[in-house]
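This is data.txt (compact mmCIF, C-alpha atoms).
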# COMPACT_ATOMS: atom_id res chain seq x y z
CA MET A 1 0.00 0.00 0.00
CA LYS A 2 1.29 3.48 -0.85
CA THR A 3 0.08 6.45 1.17
CA VAL A 4 0.89 9.99 0.11
CA ILE A 5 0.21 12.94 2.41
CA GLY A 6 0.33 16.37 0.77
CA ILE A 7 0.80 19.48 2.92
CA ASP A 8 0.43 23.14 1.95
CA PRO A 9 1.98 24.93 4.97
CA ASP A 10 0.30 27.98 6.43
CA VAL A 11 0.61 29.91 9.68
CA THR A 12 -3.00 29.44 10.81
CA LYS A 13 -4.25 26.27 9.10
CA SER A 14 -2.17 24.15 6.74
CA GLY A 15 -3.84 22.31 3.90
CA CYS A 16 -3.57 18.53 4.16
CA ALA A 17 -4.64 15.75 1.81
CA ILE A 18 -4.20 12.00 1.85
CA VAL A 19 -4.05 9.73 -1.18
CA ILE A 20 -3.95 5.97 -0.65
CA ASP A 21 -3.16 3.70 -3.58
CA GLY A 22 -4.04 6.45 -6.06
CA LYS A 23 -7.40 7.43 -4.50
CA VAL A 24 -8.00 10.69 -2.63
CA GLN A 25 -9.20 9.75 0.84
CA GLY A 26 -9.68 13.21 2.29
CA ILE A 27 -8.81 16.90 2.27
CA CYS A 28 -8.75 19.15 5.31
CA THR A 29 -6.98 22.05 7.00
CA LYS A 30 -5.25 21.70 10.36
CA ASP A 31 -3.34 23.75 12.87
CA ALA A 32 0.38 22.87 12.72
CA ALA A 33 0.38 21.32 16.22
CA VAL A 34 -2.55 19.02 15.38
CA LEU A 35 -0.99 18.18 12.04
CA LEU A 36 2.27 17.14 13.74
CA GLU A 37 0.39 14.83 16.10
CA ASP A 38 -1.44 13.22 13.18
CA LEU A 39 1.79 12.85 11.19
CA LYS A 40 3.51 11.20 14.15
CA GLU A 41 0.74 8.61 14.28
CA GLU A 42 1.00 7.99 10.53
CA ILE A 43 4.81 7.60 10.69
CA VAL A 44 4.74 5.29 13.72
CA ASN A 45 1.95 3.10 12.35
CA VAL A 46 3.18 2.67 8.77
CA HIS A 47 3.88 -1.01 8.07
CA PRO A 48 7.42 -1.77 6.82
CA ASN A 49 5.94 -3.40 3.69
CA ASP A 50 4.03 -0.20 2.86
CA THR A 51 5.29 3.16 1.66
CA LEU A 52 4.51 6.53 3.21
CA VAL A 53 5.42 9.68 1.26
CA ILE A 54 5.00 13.08 2.91
CA VAL A 55 5.09 15.95 0.40
CA ILE A 56 5.46 19.45 1.84
CA GLU A 57 5.21 22.41 -0.53
CA ALA A 58 8.52 24.27 -0.24
CA GLY A 59 7.72 27.86 -1.15
CA TRP A 60 11.08 28.88 0.30
CA LYS A 61 12.75 27.22 -2.71
CA ASN A 62 11.30 29.81 -5.11
CA ALA A 63 13.82 32.37 -6.35
CA SER A 64 11.39 35.18 -5.54
CA ASN A 65 7.80 35.76 -4.54
CA TRP A 66 7.09 39.34 -5.58
CA HIS A 67 3.41 40.33 -5.42
CA LEU A 68 3.64 44.06 -4.86
CA GLY A 69 1.42 46.38 -6.80
CA THR A 70 2.11 49.90 -7.99
CA PHE A 71 0.38 51.46 -4.99
CA CYS A 72 1.89 49.22 -2.31
CA SER A 73 3.20 51.12 0.70
CA ALA A 74 6.42 50.23 2.52
CA ARG A 75 4.31 49.08 5.48
CA ARG A 76 2.23 46.78 3.29
CA ALA A 77 5.36 45.39 1.62
CA ALA A 78 6.90 44.65 5.02
CA LYS A 79 3.72 42.91 6.19
CA LEU A 80 3.58 40.76 3.04
CA GLY A 81 7.22 39.78 3.52
CA GLU A 82 6.60 38.88 7.15
CA ASP A 83 3.55 36.74 6.28
CA VAL A 84 5.38 34.88 3.52
CA GLY A 85 8.37 34.28 5.81
CA ARG A 86 6.13 32.89 8.57
CA CYS A 87 4.52 30.43 6.12
CA HIS A 88 7.93 29.35 4.88
CA GLU A 89 9.11 28.74 8.43
CA VAL A 90 6.09 26.53 9.16
CA GLY A 91 6.99 24.47 6.09
CA ARG A 92 10.64 24.17 7.11
CA ILE A 93 9.71 23.08 10.63
CA LEU A 94 7.24 20.49 9.31
CA ALA A 95 9.88 19.10 6.94
CA LYS A 96 12.60 18.90 9.61
CA TRP A 97 10.19 17.30 12.07
CA CYS A 98 9.11 14.66 9.54
CA GLU A 99 12.72 13.91 8.58
CA PHE A 100 13.67 13.53 12.26
CA HIS A 101 10.77 11.19 13.09
CA SER A 102 11.27 9.04 9.99
CA ALA A 103 15.06 8.67 10.34
CA GLY A 104 16.13 5.11 9.61
CA MET A 105 12.78 4.19 8.03
CA ASP A 106 13.50 3.48 4.37
CA HIS A 107 9.78 3.06 3.63
CA VAL A 108 9.03 6.67 4.70
CA LYS A 109 10.03 9.49 2.34
CA VAL A 110 9.82 13.23 3.01
CA LEU A 111 9.80 15.38 -0.13
CA THR A 112 9.94 19.18 -0.30
CA PRO A 113 9.32 20.18 -3.92
CA LYS A 114 8.89 23.72 -5.19
CA PRO A 115 5.25 24.82 -5.45
CA LEU A 116 3.39 23.50 -8.47
CA ARG A 117 2.77 25.80 -11.43
CA LYS A 118 -0.30 28.02 -11.16
CA MET A 119 -2.03 27.03 -14.39
CA TRP A 120 -5.66 26.55 -13.36
CA ARG A 121 -8.82 28.61 -13.96
CA GLY A 122 -9.18 29.85 -10.38
CA LYS A 123 -8.01 33.17 -8.96
CA ASP A 124 -4.25 33.63 -9.39
CA GLY A 125 -4.04 30.39 -11.39
CA LYS A 126 -5.16 28.23 -8.44
CA ILE A 127 -7.17 25.04 -8.96
CA THR A 128 -10.95 25.18 -8.52
CA ALA A 129 -13.08 22.52 -6.84
CA ASP A 130 -14.53 21.53 -10.25
CA GLU A 131 -11.07 21.13 -11.77
CA LEU A 132 -9.89 19.08 -8.80
CA GLU A 133 -12.88 16.76 -9.16
CA ARG A 134 -12.23 16.36 -12.89
CA VAL A 135 -8.54 15.51 -12.30
CA THR A 136 -8.74 13.36 -9.14
CA GLY A 137 -12.37 12.30 -8.83
CA PHE A 138 -12.62 13.89 -5.36
CA SER A 139 -15.97 15.64 -4.93
CA GLY A 140 -15.99 16.48 -1.21
CA ARG A 141 -15.70 19.89 0.40
CA SER A 142 -12.37 21.68 0.16
CA ASN A 143 -10.79 25.09 0.41
CA GLN A 144 -7.81 26.45 -1.53
CA GLU A 145 -5.17 25.23 0.95
CA GLY A 146 -6.66 21.74 0.93
CA ARG A 147 -6.88 21.64 -2.86
CA ASP A 148 -3.24 22.72 -3.17
CA ALA A 149 -2.23 19.96 -0.72
CA CYS A 150 -4.28 17.48 -2.74
CA LEU A 151 -2.49 18.46 -5.95
CA LEU A 152 0.85 17.77 -4.23
CA ALA A 153 -0.28 14.36 -2.98
CA TRP A 154 -1.85 13.53 -6.33
CA THR A 155 1.33 14.47 -8.22
CA TYR A 156 3.45 12.11 -6.09
CA ARG A 157 0.94 9.27 -5.83
Exercise: express the given structure as structure tokens:
Amino acid sequence: MKTVIGIDPDVTKSGCAIVIDGKVQGICTKDAAVLLEDLKEEIVNVHPNDTLVIVIEAGWKNASNWHLGTFCSARRAAKLGEDVGRCHEVGRILAKWCEFHSAGMDHVKVLTPKPLRKMWRGKDGKITADELERVTGFSGRSNQEGRDACLLAWTYR
């Protein structure tokens, strides 16, 4: 059995999705502390004959993330930079934590790829619920963070 957990890190609630043997099992958002507890259980309980892949979107690997408009004040620019940095730090902590807890377990992989291309019909090129259903077959409720996490898990299924 192959389980892939996709995570889109965020300061308040990170997107999380789980794909088991190529089928989306669920999409949700979780506080980082709750997410770490759930990941610990997944890592500890994975059977040595199975594979667990944890995919954490690594926005910090982008060369730049410049979203300032013409009328952006210095204060607004500083706030945007702070928010982006906080999200990146959550992702780094999640990745380090997963690597630490899976050390010596060859059947557990922690991947930190760059964010996927924004090529969908939604705002800012993000995937819509309809597009996600068409691609993965998942028709449950989801928000943007959860859909992004699902795309990561789906890509590495």
Quiz item: What is the distance between atom CA of A:Ala32 and atom CA of A:Ala95, in Å to one decimal?
Solution: 11.7 Å
Quiz prompt | Å distance separating atom CA of A:Phe71 from atom CA of A:Leu116, one decimal place | solution =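 Separating atom CA of A:Phe71 from atom CA of A:Leu116 is a distance of 28.3 Å.
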Quiz item: Looking at all atoms listed in the file, which of A:Ile43, A:Ile127, A:Thr155, A:Arg134 is the one that sits closest to A:Ala103?
Solution: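 Looking only at the distances to A:Ala103, the closest residue turns out to be A:Ile43.
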Self-check item: Using all atoms listed in the file: which of A:Lys23, A:Lys40, A:Lys30, A:Lys13 has the shortest distance to A:Trp97
Solution: A:Lys40
Quiz item: In terms of the shortest atom-to-atom distance over all atoms listed in the file, which of A:Ala78, A:Leu152, A:Leu39, A:Ile18 is closest to A:Pro113?
Solution: A:Leu152
Quiz item: Quick one: residues within 10 Å of A:Ser139, all atoms listed in the file counted, chain neighbours fewer than 5 positions away excluded, as a PyMOL selection string?
Solution: chain A and resi 24+26+129-130+132-134
